[in-house]
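Raw work-v9.pdb, PDB, C-alpha atoms, pLDDT in the B column:
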```pdb
MODEL        1
ATOM      1  CA  MET A   1       2.680  10.878 -14.314  1.00 46.00           C
ATOM      2  CA  TYR A   2       1.849  14.049 -12.516  1.00 44.00           C
ATOM      3  CA  ASN A   3       3.045  17.177 -10.905  1.00 43.00           C
ATOM      4  CA  LEU A   4       5.542  19.938 -10.737  1.00 53.00           C
ATOM      5  CA  SER A   5       8.526  18.055  -9.342  1.00 77.00           C
ATOM      6  CA  MET A   6       7.675  14.659  -7.872  1.00 92.00           C
ATOM      7  CA  LYS A   7       6.675  12.091 -10.477  1.00 96.00           C
ATOM      8  CA  VAL A   8       4.223   9.383  -9.446  1.00 97.00           C
ATOM      9  CA  SER A   9       2.957   6.764 -11.895  1.00 98.00           C
ATOM     10  CA  PHE A  10       0.171   4.272 -11.242  1.00 98.00           C
ATOM     11  CA  LYS A  11       0.585   0.872 -12.878  1.00 98.00           C
ATOM     12  CA  ILE A  12      -0.774  -2.653 -12.861  1.00 98.00           C
ATOM     13  CA  LYS A  13       1.686  -5.515 -13.102  1.00 97.00           C
ATOM     14  CA  LYS A  14      -0.330  -8.598 -14.016  1.00 97.00           C
ATOM     15  CA  ASP A  15       1.869 -11.178 -12.294  1.00 95.00           C
ATOM     16  CA  TYR A  16       1.836  -9.178  -9.066  1.00 96.00           C
ATOM     17  CA  LEU A  17      -1.922  -8.629  -9.304  1.00 98.00           C
ATOM     18  CA  ILE A  18      -2.441 -12.378  -9.750  1.00 97.00           C
ATOM     19  CA  SER A  19      -0.142 -13.247  -6.867  1.00 95.00           C
ATOM     20  CA  HIS A  20      -1.674 -10.719  -4.479  1.00 97.00           C
ATOM     21  CA  ALA A  21      -5.226 -11.835  -5.279  1.00 98.00           C
ATOM     22  CA  LEU A  22      -4.367 -15.504  -4.753  1.00 96.00           C
ATOM     23  CA  LEU A  23      -2.487 -14.867  -1.508  1.00 94.00           C
ATOM     24  CA  SER A  24      -5.377 -12.851  -0.055  1.00 95.00           C
ATOM     25  CA  ALA A  25      -7.772 -15.688   0.672  1.00 90.00           C
ATOM     26  CA  SER A  26      -8.421 -15.147   4.392  1.00 92.00           C
ATOM     27  CA  ASN A  27     -11.297 -12.962   5.575  1.00 94.00           C
ATOM     28  CA  ASP A  28      -9.000 -10.399   7.199  1.00 94.00           C
ATOM     29  CA  ARG A  29      -7.382  -9.613   3.833  1.00 95.00           C
ATOM     30  CA  PHE A  30     -10.583  -8.119   2.404  1.00 96.00           C
ATOM     31  CA  SER A  31     -11.074  -4.372   2.732  1.00 97.00           C
ATOM     32  CA  SER A  32     -14.579  -4.574   1.265  1.00 94.00           C
ATOM     33  CA  GLU A  33     -17.243  -7.110   0.352  1.00 94.00           C
ATOM     34  CA  LYS A  34     -17.644  -5.494  -3.057  1.00 95.00           C
ATOM     35  CA  ASN A  35     -16.609  -7.907  -5.837  1.00 96.00           C
ATOM     36  CA  ARG A  36     -15.600 -10.500  -3.235  1.00 97.00           C
ATOM     37  CA  LYS A  37     -17.488 -13.135  -5.211  1.00 98.00           C
ATOM     38  CA  ASP A  38     -15.344 -12.412  -8.294  1.00 98.00           C
ATOM     39  CA  ILE A  39     -12.108 -12.658  -6.297  1.00 98.00           C
ATOM     40  CA  VAL A  40     -13.118 -15.960  -4.711  1.00 98.00           C
ATOM     41  CA  GLU A  41     -14.096 -17.342  -8.126  1.00 98.00           C
ATOM     42  CA  PHE A  42     -10.628 -16.476  -9.428  1.00 98.00           C
ATOM     43  CA  GLN A  43      -8.972 -18.081  -6.399  1.00 98.00           C
ATOM     44  CA  ASN A  44     -11.059 -21.237  -6.879  1.00 98.00           C
ATOM     45  CA  TYR A  45     -10.231 -21.321 -10.585  1.00 98.00           C
ATOM     46  CA  ALA A  46      -6.495 -21.026  -9.867  1.00 98.00           C
ATOM     47  CA  TRP A  47      -6.727 -23.863  -7.319  1.00 98.00           C
ATOM     48  CA  LYS A  48      -8.589 -26.015  -9.841  1.00 98.00           C
ATOM     49  CA  VAL A  49      -5.926 -25.413 -12.516  1.00 98.00           C
ATOM     50  CA  SER A  50      -3.170 -26.561 -10.141  1.00 96.00           C
ATOM     51  CA  LYS A  51      -3.316 -26.728  -6.365  1.00 93.00           C
ATOM     52  CA  ASP A  52       0.392 -27.666  -6.339  1.00 89.00           C
ATOM     53  CA  LEU A  53       1.444 -24.518  -8.196  1.00 92.00           C
ATOM     54  CA  TYR A  54      -1.002 -22.388  -6.208  1.00 93.00           C
ATOM     55  CA  SER A  55       0.823 -23.628  -3.109  1.00 87.00           C
ATOM     56  CA  VAL A  56       4.267 -22.456  -4.267  1.00 85.00           C
ATOM     57  CA  ILE A  57       3.336 -18.917  -5.278  1.00 88.00           C
ATOM     58  CA  PRO A  58       5.950 -16.585  -3.724  1.00 79.00           C
ATOM     59  CA  GLY A  59       4.751 -15.674  -0.256  1.00 74.00           C
ATOM     60  CA  ARG A  60       2.543 -18.738   0.179  1.00 70.00           C
ATOM     61  CA  SER A  61       4.749 -21.827   0.091  1.00 57.00           C
ATOM     62  CA  GLY A  62       5.615 -23.363   3.423  1.00 55.00           C
ATOM     63  CA  ALA A  63       8.474 -25.664   4.382  1.00 55.00           C
ATOM     64  CA  ASP A  64       6.341 -28.825   4.472  1.00 59.00           C
ATOM     65  CA  ILE A  65       7.318 -29.817   0.952  1.00 60.00           C
ATOM     66  CA  LEU A  66      10.955 -30.020   2.090  1.00 58.00           C
ATOM     67  CA  LEU A  67      10.035 -32.872   4.437  1.00 59.00           C
ATOM     68  CA  ASP A  68       9.466 -35.164   1.449  1.00 64.00           C
ATOM     69  CA  ASP A  69      12.316 -37.163  -0.059  1.00 68.00           C
ATOM     70  CA  GLY A  70      13.771 -34.993  -2.814  1.00 68.00           C
ATOM     71  CA  GLY A  71      11.573 -32.154  -1.588  1.00 66.00           C
ATOM     72  CA  LEU A  72      13.883 -29.329  -2.625  1.00 72.00           C
ATOM     73  CA  LYS A  73      14.232 -30.674  -6.167  1.00 77.00           C
ATOM     74  CA  LYS A  74      10.458 -31.083  -6.368  1.00 73.00           C
ATOM     75  CA  TYR A  75       9.984 -27.504  -5.161  1.00 72.00           C
ATOM     76  CA  GLN A  76      12.417 -26.164  -7.769  1.00 79.00           C
ATOM     77  CA  LYS A  77      10.612 -28.021 -10.557  1.00 79.00           C
ATOM     78  CA  MET A  78       7.268 -26.594  -9.519  1.00 78.00           C
ATOM     79  CA  THR A  79       8.517 -23.011  -9.255  1.00 80.00           C
ATOM     80  CA  ASN A  80       9.956 -23.344 -12.772  1.00 86.00           C
ATOM     81  CA  ARG A  81       6.390 -23.950 -13.957  1.00 90.00           C
ATOM     82  CA  LEU A  82       4.961 -20.809 -12.345  1.00 91.00           C
ATOM     83  CA  GLN A  83       5.452 -18.672 -15.445  1.00 92.00           C
ATOM     84  CA  SER A  84       3.257 -20.907 -17.593  1.00 95.00           C
ATOM     85  CA  TYR A  85       0.763 -21.239 -14.708  1.00 96.00           C
ATOM     86  CA  PHE A  86       0.428 -17.462 -14.432  1.00 96.00           C
ATOM     87  CA  ARG A  87       0.078 -17.220 -18.215  1.00 97.00           C
ATOM     88  CA  VAL A  88      -2.888 -19.595 -18.132  1.00 98.00           C
ATOM     89  CA  LEU A  89      -4.461 -17.696 -15.235  1.00 98.00           C
ATOM     90  CA  SER A  90      -4.024 -14.324 -16.952  1.00 98.00           C
ATOM     91  CA  LYS A  91      -6.053 -15.519 -19.962  1.00 98.00           C
ATOM     92  CA  SER A  92      -8.994 -16.734 -17.889  1.00 98.00           C
ATOM     93  CA  LYS A  93     -12.326 -14.920 -17.810  1.00 98.00           C
ATOM     94  CA  GLU A  94     -12.081 -14.967 -14.011  1.00 98.00           C
ATOM     95  CA  PHE A  95      -8.846 -12.972 -14.038  1.00 99.00           C
ATOM     96  CA  LYS A  96      -9.979 -10.592 -16.767  1.00 98.00           C
ATOM     97  CA  LYS A  97     -12.844  -9.553 -14.516  1.00 98.00           C
ATOM     98  CA  ILE A  98     -10.406  -8.877 -11.649  1.00 98.00           C
ATOM     99  CA  HIS A  99      -8.075  -6.993 -13.978  1.00 99.00           C
ATOM    100  CA  ASN A 100     -10.863  -4.788 -15.354  1.00 99.00           C
ATOM    101  CA  GLN A 101     -12.013  -3.882 -11.844  1.00 99.00           C
ATOM    102  CA  THR A 102      -8.439  -3.060 -10.860  1.00 99.00           C
ATOM    103  CA  GLU A 103      -7.918  -0.946 -13.978  1.00 99.00           C
ATOM    104  CA  GLN A 104     -10.941   1.162 -13.061  1.00 99.00           C
ATOM    105  CA  TYR A 105      -9.475   1.555  -9.594  1.00 99.00           C
ATOM    106  CA  ARG A 106      -6.071   2.489 -11.030  1.00 99.00           C
ATOM    107  CA  LYS A 107      -7.688   5.334 -12.960  1.00 99.00           C
ATOM    108  CA  PHE A 108      -9.539   6.428  -9.827  1.00 99.00           C
ATOM    109  CA  CYS A 109      -6.290   6.517  -7.819  1.00 99.00           C
ATOM    110  CA  ALA A 110      -4.430   8.441 -10.522  1.00 98.00           C
ATOM    111  CA  ASN A 111      -7.218  11.002 -10.869  1.00 98.00           C
ATOM    112  CA  GLN A 112      -7.541  11.528  -7.121  1.00 98.00           C
ATOM    113  CA  TRP A 113      -3.773  11.928  -6.775  1.00 98.00           C
ATOM    114  CA  LYS A 114      -3.686  14.495  -9.575  1.00 97.00           C
ATOM    115  CA  LYS A 115      -6.609  16.425  -8.088  1.00 98.00           C
ATOM    116  CA  ASN A 116      -5.061  16.580  -4.601  1.00 98.00           C
ATOM    117  CA  TYR A 117      -1.373  16.814  -5.468  1.00 97.00           C
ATOM    118  CA  LYS A 118      -0.806  20.573  -5.338  1.00 96.00           C
ATOM    119  CA  ARG A 119      -2.571  21.034  -2.020  1.00 98.00           C
ATOM    120  CA  ALA A 120      -1.280  17.823  -0.432  1.00 98.00           C
ATOM    121  CA  SER A 121       2.340  18.314  -1.492  1.00 97.00           C
ATOM    122  CA  GLY A 122       2.208  21.829  -0.077  1.00 97.00           C
ATOM    123  CA  VAL A 123       1.149  20.425   3.291  1.00 98.00           C
ATOM    124  CA  ILE A 124       3.883  17.779   3.254  1.00 98.00           C
ATOM    125  CA  LYS A 125       6.543  20.338   2.319  1.00 97.00           C
ATOM    126  CA  GLU A 126       5.359  22.705   5.046  1.00 98.00           C
ATOM    127  CA  LEU A 127       5.516  19.999   7.706  1.00 98.00           C
ATOM    128  CA  THR A 128       8.730  18.223   6.645  1.00 98.00           C
ATOM    129  CA  GLN A 129      10.674  20.668   4.428  1.00 98.00           C
ATOM    130  CA  LEU A 130      11.362  17.763   2.053  1.00 96.00           C
ATOM    131  CA  LYS A 131      12.169  18.676  -1.562  1.00 94.00           C
ATOM    132  CA  LEU A 132       9.833  16.020  -2.982  1.00 94.00           C
ATOM    133  CA  ASN A 133      11.623  15.744  -6.312  1.00 92.00           C
ATOM    134  CA  ASP A 134      11.850  11.950  -6.624  1.00 95.00           C
ATOM    135  CA  SER A 135       9.938   9.545  -8.868  1.00 97.00           C
ATOM    136  CA  PHE A 136       7.695   6.802  -7.495  1.00 98.00           C
ATOM    137  CA  THR A 137       5.811   3.901  -9.067  1.00 98.00           C
ATOM    138  CA  VAL A 138       2.617   2.729  -7.381  1.00 98.00           C
ATOM    139  CA  PHE A 139       1.631  -0.842  -8.284  1.00 98.00           C
ATOM    140  CA  ILE A 140      -2.132  -1.106  -7.925  1.00 98.00           C
ATOM    141  CA  THR A 141      -3.911  -4.231  -6.704  1.00 98.00           C
ATOM    142  CA  HIS A 142      -7.624  -4.962  -6.355  1.00 98.00           C
ATOM    143  CA  PRO A 143      -9.428  -2.347  -4.214  1.00 98.00           C
ATOM    144  CA  SER A 144     -11.372  -4.960  -2.244  1.00 98.00           C
ATOM    145  CA  LEU A 145      -8.126  -6.465  -0.921  1.00 98.00           C
ATOM    146  CA  LYS A 146      -5.840  -4.772   1.602  1.00 98.00           C
ATOM    147  CA  ASN A 147      -2.434  -3.684   0.381  1.00 97.00           C
ATOM    148  CA  GLY A 148      -0.181  -0.841   1.417  1.00 97.00           C
ATOM    149  CA  ARG A 149       3.578  -1.303   1.375  1.00 95.00           C
ATOM    150  CA  ASN A 150       6.700   0.652   0.620  1.00 96.00           C
ATOM    151  CA  LEU A 151       8.774  -1.814  -1.408  1.00 93.00           C
ATOM    152  CA  LYS A 152      11.961   0.301  -1.390  1.00 86.00           C
ATOM    153  CA  ALA A 153      13.595   1.617  -4.572  1.00 90.00           C
ATOM    154  CA  ASN A 154      10.689   4.112  -4.667  1.00 95.00           C
ATOM    155  CA  LYS A 155       8.142   1.404  -5.414  1.00 97.00           C
ATOM    156  CA  ILE A 156       4.833   1.221  -3.576  1.00 98.00           C
ATOM    157  CA  ALA A 157       2.147  -1.465  -3.562  1.00 97.00           C
ATOM    158  CA  TRP A 158      -1.361  -0.182  -2.984  1.00 98.00           C
ATOM    159  CA  GLY A 159      -4.946  -1.389  -2.907  1.00 98.00           C
ATOM    160  CA  HIS A 160      -7.820  -0.669  -0.502  1.00 98.00           C
ATOM    161  CA  THR A 161     -11.435   0.354  -0.533  1.00 97.00           C
ATOM    162  CA  GLU A 162     -11.959   4.096  -0.100  1.00 98.00           C
ATOM    163  CA  ASP A 163     -12.921   4.067   3.591  1.00 97.00           C
ATOM    164  CA  TRP A 164     -13.281   7.861   3.666  1.00 97.00           C
ATOM    165  CA  LYS A 165     -12.798  10.796   1.310  1.00 98.00           C
ATOM    166  CA  ASN A 166      -9.265  11.089  -0.120  1.00 98.00           C
ATOM    167  CA  TYR A 167      -8.211   7.857   1.608  1.00 98.00           C
ATOM    168  CA  THR A 168      -5.977   6.848  -1.289  1.00 98.00           C
ATOM    169  CA  SER A 169      -4.139  10.180  -1.439  1.00 98.00           C
ATOM    170  CA  VAL A 170      -3.484  10.217   2.308  1.00 99.00           C
ATOM    171  CA  TYR A 171      -2.118   6.688   2.443  1.00 98.00           C
ATOM    172  CA  ILE A 172       0.009   6.915  -0.668  1.00 98.00           C
ATOM    173  CA  TRP A 173       1.656   9.939   0.945  1.00 99.00           C
ATOM    174  CA  HIS A 174       2.102   7.783   4.044  1.00 98.00           C
ATOM    175  CA  GLU A 175       3.941   5.162   1.995  1.00 98.00           C
ATOM    176  CA  ILE A 176       6.003   7.791   0.149  1.00 98.00           C
ATOM    177  CA  LEU A 177       7.181   9.243   3.463  1.00 98.00           C
ATOM    178  CA  HIS A 178       8.577   5.836   4.418  1.00 97.00           C
ATOM    179  CA  SER A 179      11.140   6.388   1.646  1.00 96.00           C
ATOM    180  CA  TYR A 180      12.436   9.484   3.424  1.00 96.00           C
ATOM    181  CA  PHE A 181      12.326   8.290   7.045  1.00 96.00           C
ATOM    182  CA  ASP A 182      14.403   5.592   8.728  1.00 93.00           C
ATOM    183  CA  LYS A 183      12.462   2.655  10.088  1.00 92.00           C
ATOM    184  CA  SER A 184      11.575   3.197  13.756  1.00 96.00           C
ATOM    185  CA  ASP A 185       8.441   3.534  15.867  1.00 97.00           C
ATOM    186  CA  LEU A 186       9.207   7.228  16.357  1.00 98.00           C
ATOM    187  CA  ASN A 187       9.408   7.887  12.618  1.00 98.00           C
ATOM    188  CA  HIS A 188       6.359   5.751  11.880  1.00 98.00           C
ATOM    189  CA  THR A 189       4.388   7.727  14.467  1.00 98.00           C
ATOM    190  CA  LEU A 190       5.507  10.981  12.857  1.00 99.00           C
ATOM    191  CA  ILE A 191       4.446   9.694   9.439  1.00 99.00           C
ATOM    192  CA  GLU A 192       1.012   8.919  10.866  1.00 99.00           C
ATOM    193  CA  LEU A 193       0.716  12.380  12.428  1.00 99.00           C
ATOM    194  CA  ILE A 194       1.799  14.045   9.173  1.00 99.00           C
ATOM    195  CA  ALA A 195      -0.215  12.007   6.661  1.00 99.00           C
ATOM    196  CA  ASP A 196      -2.927   9.959   8.349  1.00 98.00           C
ATOM    197  CA  ASN A 197      -4.013  12.785  10.655  1.00 99.00           C
ATOM    198  CA  GLU A 198      -2.839  16.297   9.670  1.00 99.00           C
ATOM    199  CA  LEU A 199      -3.016  15.812   5.888  1.00 99.00           C
ATOM    200  CA  ARG A 200      -6.403  14.154   6.259  1.00 99.00           C
ATOM    201  CA  TYR A 201      -7.537  17.138   8.350  1.00 99.00           C
ATOM    202  CA  ARG A 202      -6.291  19.645   5.768  1.00 98.00           C
ATOM    203  CA  LEU A 203      -7.993  17.798   2.889  1.00 98.00           C
ATOM    204  CA  ASN A 204     -11.215  16.724   4.592  1.00 98.00           C
ATOM    205  CA  GLY A 205     -11.610  18.868   7.709  1.00 97.00           C
ATOM    206  CA  THR A 206     -11.540  15.746   9.904  1.00 96.00           C
ATOM    207  CA  LYS A 207     -10.250  16.850  13.308  1.00 97.00           C
ATOM    208  CA  TYR A 208      -8.100  14.653  15.530  1.00 98.00           C
ATOM    209  CA  PRO A 209      -7.876  13.094  18.057  1.00 97.00           C
ATOM    210  CA  PRO A 210      -9.238  10.462  17.839  1.00 97.00           C
ATOM    211  CA  PHE A 211      -6.167   9.420  15.906  1.00 98.00           C
ATOM    212  CA  GLU A 212      -5.954   7.498  12.664  1.00 97.00           C
ATOM    213  CA  GLY A 213      -3.226   4.859  12.517  1.00 97.00           C
ATOM    214  CA  HIS A 214      -1.818   1.731  14.086  1.00 97.00           C
ATOM    215  CA  GLU A 215      -2.996   0.798  17.555  1.00 97.00           C
ATOM    216  CA  TYR A 216       0.519  -0.118  18.708  1.00 98.00           C
ATOM    217  CA  LEU A 217       1.701   3.457  18.024  1.00 98.00           C
ATOM    218  CA  LEU A 218      -1.150   5.126  19.917  1.00 98.00           C
ATOM    219  CA  LYS A 219       0.734   5.474  23.205  1.00 97.00           C
ATOM    220  CA  ILE A 220       3.666   7.221  21.487  1.00 97.00           C
ATOM    221  CA  LYS A 221       1.271   9.422  19.537  1.00 98.00           C
ATOM    222  CA  LYS A 222      -0.527  10.595  22.674  1.00 97.00           C
ATOM    223  CA  ARG A 223       2.765  11.366  24.386  1.00 97.00           C
ATOM    224  CA  MET A 224       4.014  13.273  21.340  1.00 97.00           C
ATOM    225  CA  PHE A 225       0.801  15.181  20.635  1.00 98.00           C
ATOM    226  CA  PRO A 226       1.361  18.279  22.864  1.00 98.00           C
ATOM    227  CA  ASN A 227       4.712  18.904  21.140  1.00 98.00           C
ATOM    228  CA  TRP A 228       3.136  18.223  17.762  1.00 98.00           C
ATOM    229  CA  LYS A 229       0.470  20.891  18.368  1.00 98.00           C
ATOM    230  CA  LYS A 230       3.178  23.419  19.228  1.00 98.00           C
ATOM    231  CA  TYR A 231       5.087  22.482  16.089  1.00 98.00           C
ATOM    232  CA  LEU A 232       2.000  23.022  13.917  1.00 98.00           C
ATOM    233  CA  LYS A 233       1.585  26.527  15.338  1.00 97.00           C
ATOM    234  CA  SER A 234       5.235  27.533  14.896  1.00 96.00           C
ATOM    235  CA  GLU A 235       5.931  30.059  12.130  1.00 93.00           C
ATOM    236  CA  HIS A 236       9.412  28.805  11.254  1.00 94.00           C
ATOM    237  CA  LYS A 237       9.177  25.028  11.200  1.00 97.00           C
ATOM    238  CA  ASP A 238      12.316  22.889  11.357  1.00 98.00           C
ATOM    239  CA  PHE A 239      11.230  19.278  11.169  1.00 98.00           C
ATOM    240  CA  ASN A 240      14.625  17.695  11.825  1.00 96.00           C
ATOM    241  CA  ARG A 241      15.123  19.829  14.903  1.00 97.00           C
ATOM    242  CA  PHE A 242      11.612  18.979  16.098  1.00 97.00           C
ATOM    243  CA  ARG A 243      12.215  15.257  15.607  1.00 97.00           C
ATOM    244  CA  ASP A 244      15.595  15.372  17.347  1.00 95.00           C
ATOM    245  CA  GLY A 245      13.891  16.947  20.350  1.00 93.00           C
ATOM    246  CA  LEU A 246      11.594  13.933  20.629  1.00 92.00           C
ATOM    247  CA  ARG A 247      14.322  11.305  20.803  1.00 82.00           C
TER     248      ARG A 247
ENDMDL
END
```

Could I get this structure in the form of structure tokens?
Amino acid sequence: MYNLSMKVSFKIKKDYLISHALLSASNDRFSSEKNRKDIVEFQNYAWKVSKDLYSVIPGRSGADILLDDGGLKKYQKMTNRLQSYFRVLSKSKEFKKIHNQTEQYRKFCANQWKKNYKRASGVIKELTQLKLNDSFTVFITHPSLKNGRNLKANKIAWGHTEDWKNYTSVYIWHEILHSYFDKSDLNHTLIELIADNELRYRLNGTKYPPFEGHEYLLKIKKRMFPNWKKYLKSEHKDFNRFRDGLR
């Protein structure tokens, strides 16, 4: 855990790591080709152990099983076996390889966060005036698979290849900001301007536009940008007042 006020810990939860790796089978779930072979081998091993249990992993199971006679009872029986299924998977050489790769990535994320924290938190405080005195837990998944979610209760799921310098720091700040902002396109756009663009610029010197972030928010971002530039230049920033003026 690091820093002066905000506490952020980086952890691996084996059951979640297993589940995320097994649910990320489609091509669009990979953030990198690195170690893809190892991930696919683990997915194939898990399917070989039990395709039925693979199919009822939380987040994967569909409603088709409920079409069978006694389908709900059958589904309940299978989900009761998931704990032993995950235990078998966690002891496999295929999973141990995935876990070791993820542990190296966890250390990388923690070290990068520690290195950038003082500078990055200063930028976030300047732009938002947030106190940043909460504690967060970041659950790390394999870096070759896409993951980036704010799970509420100050829990974050994260995994992604390092597409550019300080990528992890920028996007963990993005997810942290979701804990302070209500869910709306306006707030999400502001989070992207603060973290994905301005923080990235301050850390890396990468000017914008072009903008980093979701395509569906681009129109709002372009409309907001002239006001955002004025806000960045203002000596006495008041983020809440600035945001209220955009509504």

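The residue that comes closest to Val40 (chain A), out of A:Thr141, A:Asn240, A:Ser24, A:Ser184 and on the basis of all atoms listed in the file, is A:Ser24.
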
For this session: Let me know the residues the PyMOL selection byres ((chain A and resi 54) around 12) catches in the file above, as a ChimeraX atom specification.
Result: /A:18-23,25,42-53,55-62,78-79,81-83,85-86,89

Problem set entry | Selection near region 172-179 of chain A, 8 Å with all atoms listed in the file, sequence-local residues under 4 positions removed, as a ChimeraX atom specification | /A:136,148-150,152,154,156,158,168,183,188,191-192,195-196

Writing out the chosen residues with C-alpha atoms as a PDB file, in the frame of the given file:
```
ATOM      1  CA  PHE A 136       7.695   6.802  -7.495  1.00 98.00           C
ATOM      2  CA  GLY A 148      -0.181  -0.841   1.417  1.00 97.00           C
ATOM      3  CA  ARG A 149       3.578  -1.303   1.375  1.00 95.00           C
ATOM      4  CA  ASN A 150       6.700   0.652   0.620  1.00 96.00           C
ATOM      5  CA  LYS A 152      11.961   0.301  -1.390  1.00 86.00           C
ATOM      6  CA  ASN A 154      10.689   4.112  -4.667  1.00 95.00           C
ATOM      7  CA  ILE A 156       4.833   1.221  -3.576  1.00 98.00           C
ATOM      8  CA  TRP A 158      -1.361  -0.182  -2.984  1.00 98.00           C
ATOM      9  CA  THR A 168      -5.977   6.848  -1.289  1.00 98.00           C
ATOM     10  CA  LYS A 183      12.462   2.655  10.088  1.00 92.00           C
ATOM     11  CA  HIS A 188       6.359   5.751  11.880  1.00 98.00           C
ATOM     12  CA  ILE A 191       4.446   9.694   9.439  1.00 99.00           C
ATOM     13  CA  GLU A 192       1.012   8.919  10.866  1.00 99.00           C
ATOM     14  CA  ALA A 195      -0.215  12.007   6.661  1.00 99.00           C
ATOM     15  CA  ASP A 196      -2.927   9.959   8.349  1.00 98.00           C
TER      16      ASP A 196
END
```

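For the structure shown here, the set of residues caught by the PyMOL selection byres ((chain A and resi 102) around 9) is A:Ile12, A:Leu17, A:Lys97, A:Ile98, A:His99, A:Asn100, A:Gln101, A:Glu103, A:Gln104, A:Tyr105, A:Arg106, A:Lys107, A:Ile140, A:Thr141, A:His142, A:Pro143, A:Gly159.
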
Can I get the selection written as a compact mmCIF listing (two decimals), in the frame of the given file, with C-alpha atoms?
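After the write, again_4.txt holds the following:
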```txt
# COMPACT_ATOMS: atom_id res chain seq x y z
CA ILE A 12 -0.77 -2.65 -12.86
CA LEU A 17 -1.92 -8.63 -9.30
CA LYS A 97 -12.84 -9.55 -14.52
CA ILE A 98 -10.41 -8.88 -11.65
CA HIS A 99 -8.07 -6.99 -13.98
CA ASN A 100 -10.86 -4.79 -15.35
CA GLN A 101 -12.01 -3.88 -11.84
CA GLU A 103 -7.92 -0.95 -13.98
CA GLN A 104 -10.94 1.16 -13.06
CA TYR A 105 -9.48 1.56 -9.59
CA ARG A 106 -6.07 2.49 -11.03
CA LYS A 107 -7.69 5.33 -12.96
CA ILE A 140 -2.13 -1.11 -7.92
CA THR A 141 -3.91 -4.23 -6.70
CA HIS A 142 -7.62 -4.96 -6.36
CA PRO A 143 -9.43 -2.35 -4.21
CA GLY A 159 -4.95 -1.39 -2.91
```

Exercise. In Å, how far is it from CA of Thr161 (chain A) to CA of Ser31 (chain A)?
Worked result: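 A separation of 5.8 Å between them.
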
Exercise. Closest to Ser26 (chain A) among A:Leu246, A:Tyr208, A:Leu132, A:Leu145, using all atoms listed in the file?
Worked result: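 The answer is A:Leu145, which sits nearest to Ser26 (chain A).
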
For this session: Output the residue selection produced by the PyMOL selection byres ((chain A and resi 137) around 8) on the file above, formatted as a list in words.
Result: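 Output from the PyMOL selection byres ((chain A and resi 137) around 8), applied to this file: Val8, Ser9, Phe10, Lys11, Ser135, Phe136, Val138, Phe139, Asn154, Lys155 and Ile156 of chain A.
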
Using all atoms of region 99-114 of chain A listed in the file and a margin of 3 Å per side, can you give the axis-aligned box centre and edge lengths in Å to one decimal, as JSON?
```
{"center_x": -7.8, "center_y": 3.8, "center_z": -11.1, "size_x": 14.3, "size_y": 27.5, "size_z": 14.6}
```
